[in-house]
Amino acid sequence: MKIYINGLFYPKEEAKISVFDHGLLYGDGVFEGIRAYNRRVFRLERHIERLFYSAKAINLSIPLSPEEFSEAILETCRQNEIENGYIRAVVTRGIGDLGLNPLHCQQPTIFIIADKILLYNPKIYQEGLTVRTVSTRISSHSSISPAIKSLNYLNKILAKIEANLSGADEGLLLNQLDHIAECTSENIFLVKNGIVMTPPVSAGLLPGITRETILSLAKEMELKTEEKNLVLYDIWTAEEVFITGTGAEIAPVVEVDGRPIGKRKPGEITLLLMKKFRELTQHSGVHIYAKEDS
Ligand code: PMP
């Protein structure tokens with residue numbers, strides 16, 4: 001495996017970051033998780049756009065243009081002969097000293113890993129997963145905005161620990177107003193009276209790229225969609241529930257807080273959206289090996 005760090009490629013064993021890097025010392029940085037399907041990088045422009053917005057929001061200036069960053073991602077895929085895989089692109093504040101002042105960091109650190117990811121046991125895509133509402137809340141827009149994909153994932157990790165301890169596969173986080181926000185690294189959807197619903201970005205969630213893809217697939221399928229504030233009652237009484245994310249893709253949920261969802265099996269609309277999503281990902285995205293393919 002070859003890892004990109006600041007413009008150069010290193011074998012995995014030699015790919016090292018300083019212990020003085022503020023990404024490590026303070027979680028001061030931003031990142032993206034991206035998938036490649038069938039020799040193409042899915043929604044690359046949107047991931048690059050979100051990465052640059054995240055960086056802007058934390059006042060971090062990325063020393064590459066969006067085009068150069070995209071090319072660095074594609075080159076990392078080529079170096080690793082990726083056909084299908086998961087890409088992690090990280091930009092940290094860089095090496096500083098033992099104080100948190102970002103002014104002491106001279107140069108951001110950029111690294112890119114192209115590998116595989118497996119978030120859950122693959123059988124959950126047929127059987128569905130279980131979700132538990134956790135006590136950890138989503139951070140408010142006036143602390144660390146949930147719209148920033150920052151390296152600070154501790155509240156999501158606490159949520160995952162709580163879900164794991166309760167025996168559930170995934171944790172569901174509410175915001176400070178008791179509205180449903182998102183899972184530990186997935187957005188959440190429900191189907192009620194045939195309408196596909198998901199909380200709005202203002203509820204405090206990462207504007208997921210899979211989420212927007214599913215909303216547009218649902219519209220293409222002439223399903224009704226709504227982005228509106230939802231509470232636990234809505235989810236406990238839903239006909240279908242599913243979660244979406246680059247890592248998870250679309251995963252059906254069959255139980256929330258001990259209550260069965262529908263017939264405790266992946267719902268009809270969920271299965272249709274999973275099928276459409278699978279088809280779409282096979283045929284769209286930026287070619288990694290453009291010259292050979294064209
Ligand atoms: N919420 C959080 C907190 C996440 O980390 C992710 C994964 N990036 C998502 C939602 C889903 O976003 P996407 O579909 O863009 O991967």
# chains A, B, ... in the order shown; residues from 1 in each chain; ligands from 1

call {"tool": "residues_around", "arguments": {"residues": "segment 241-246 of chain A", "least_positions_apart": "3", "cutoff": "9 Å", "atoms": "only C-alpha atoms", "output": "PyMOL selection string"}}
result
chain A and resi 33-35+86+128-129+182-183+185-191+208-211+214+235+238+249-256+261-262+266-267+270

call {"tool": "residues_around", "arguments": {"residues": "His47 of chain A", "least_positions_apart": "5", "cutoff": "12 Å", "atoms": "only C-alpha atoms", "output": "number ranges by chain"}}
result
A: 30-35, 41-42, 52-54, 66, 69-70, 73, 87-90, 149, 207-210, 246, 285-286

call {"tool": "write_last_selection", "arguments": {"atoms": "C-alpha atoms", "output": "PDB file, in the first residue's frame"}}
result
ATOM      1  CA  VAL A  30     -10.780  18.111   8.465  1.00  0.00           C
ATOM      2  CA  PHE A  31     -11.308  15.019   6.362  1.00  0.00           C
ATOM      3  CA  GLU A  32     -13.395  13.174   3.799  1.00  0.00           C
ATOM      4  CA  GLY A  33     -14.337   9.532   3.328  1.00  0.00           C
ATOM      5  CA  ILE A  34     -14.924   8.714  -0.348  1.00  0.00           C
ATOM      6  CA  ARG A  35     -15.713   5.513  -2.230  1.00  0.00           C
ATOM      7  CA  VAL A  41     -14.537   7.795  -7.741  1.00  0.00           C
ATOM      8  CA  PHE A  42     -18.138   8.421  -6.731  1.00  0.00           C
ATOM      9  CA  PHE A  52     -12.869  22.823   1.214  1.00  0.00           C
ATOM     10  CA  TYR A  53     -15.971  24.136   3.028  1.00  0.00           C
ATOM     11  CA  SER A  54     -14.965  22.262   6.206  1.00  0.00           C
ATOM     12  CA  PRO A  66      -9.621  21.686  -5.630  1.00  0.00           C
ATOM     13  CA  PHE A  69      -6.571  17.810  -4.613  1.00  0.00           C
ATOM     14  CA  SER A  70      -8.818  15.715  -6.876  1.00  0.00           C
ATOM     15  CA  ILE A  73      -6.837  11.447  -4.813  1.00  0.00           C
ATOM     16  CA  ILE A  87     -10.440   6.666   0.262  1.00  0.00           C
ATOM     17  CA  ARG A  88      -9.615   8.762   3.311  1.00  0.00           C
ATOM     18  CA  ALA A  89      -8.389  12.312   2.609  1.00  0.00           C
ATOM     19  CA  VAL A  90      -7.185  14.298   5.625  1.00  0.00           C
ATOM     20  CA  LYS A 149     -16.352  17.174   8.887  1.00  0.00           C
ATOM     21  CA  PRO A 207     -24.910  17.134   4.953  1.00  0.00           C
ATOM     22  CA  GLY A 208     -24.241  13.636   3.706  1.00  0.00           C
ATOM     23  CA  ILE A 209     -23.430  13.065   0.068  1.00  0.00           C
ATOM     24  CA  THR A 210     -25.148   9.674   0.194  1.00  0.00           C
ATOM     25  CA  THR A 246     -20.208   6.591   2.272  1.00  0.00           C
ATOM     26  CA  GLY A 285     -18.069   8.971 -10.990  1.00  0.00           C
ATOM     27  CA  VAL A 286     -14.697  10.259 -12.123  1.00  0.00           C
TER      28      VAL A 286
END

call {"tool": "atom_distance", "arguments": {"atom1": "atom CA of Glu49 of chain A", "atom2": "atom 9 (C, counted along the ligand's line) of ligand 1"}}
result
15.0 Å

call {"tool": "residues_around", "arguments": {"residues": "Leu280 of chain A", "least_positions_apart": "3", "cutoff": "10 Å", "atoms": "only C-alpha atoms", "output": "ChimeraX atom specification"}}
result
/A:37,42,213,217,274-277,283-285

call {"tool": "write_last_selection", "arguments": {"atoms": "C-alpha atoms", "output": "mmCIF file, in the first residue's frame"}}
result
data_model
loop_
_atom_site.group_PDB
_atom_site.id
_atom_site.type_symbol
_atom_site.label_atom_id
_atom_site.label_comp_id
_atom_site.auth_asym_id
_atom_site.auth_seq_id
_atom_site.Cartn_x
_atom_site.Cartn_y
_atom_site.Cartn_z
ATOM 1 C CA TYR A 37 -16.737 1.811 -7.476
ATOM 2 C CA PHE A 42 -18.138 8.421 -6.731
ATOM 3 C CA THR A 213 -27.989 11.034 -3.603
ATOM 4 C CA LEU A 217 -33.002 8.887 -6.393
ATOM 5 C CA MET A 274 -30.574 0.037 -2.229
ATOM 6 C CA LYS A 275 -30.928 -1.468 -5.702
ATOM 7 C CA LYS A 276 -31.028 1.931 -7.444
ATOM 8 C CA PHE A 277 -28.061 3.142 -5.415
ATOM 9 C CA HIS A 283 -21.961 3.745 -13.596
ATOM 10 C CA SER A 284 -21.090 7.187 -12.322
ATOM 11 C CA GLY A 285 -18.069 8.971 -10.990
#

call {"tool": "atom_distance", "arguments": {"atom1": "atom CA of Ser18 of chain A", "atom2": "atom CA of Asn59 of chain A"}}
result
21.5 Å

call {"tool": "select_by_dssp", "arguments": {"residues": "segment 146-257 of chain A", "states": "alpha helix (DSSP H)", "output": "list in words"}}
result
Leu154, Asn155, Lys156, Ile157, Leu158, Ala159, Lys160, Ile161, Glu162, Ala163, Asn164, Leu165, Ile209, Thr210, Arg211, Glu212, Thr213, Ile214, Leu215, Ser216, Leu217, Ala218, Lys219, Glu220, Leu232, Tyr233, Asp234, Ile235 and Trp236 of chain A

call {"tool": "closest_residue", "arguments": {"among": "A:Gln79, A:Ser202, A:Gln126, A:Asn155", "to": "ligand 1", "atoms": "only C-alpha atoms and all ligand atoms"}}
result
A:Asn155

call {"tool": "residues_around", "arguments": {"residues": "Tyr289 of chain A", "least_positions_apart": "3", "cutoff": "12 Å", "atoms": "only C-alpha atoms", "output": "count of residues only"}}
result
21

call {"tool": "closest_residue", "arguments": {"among": "A:Asn121, A:Ser139, A:Asn101, A:Asn164", "to": "Tyr26 of chain A", "atoms": "only C-alpha atoms"}}
result
A:Asn101
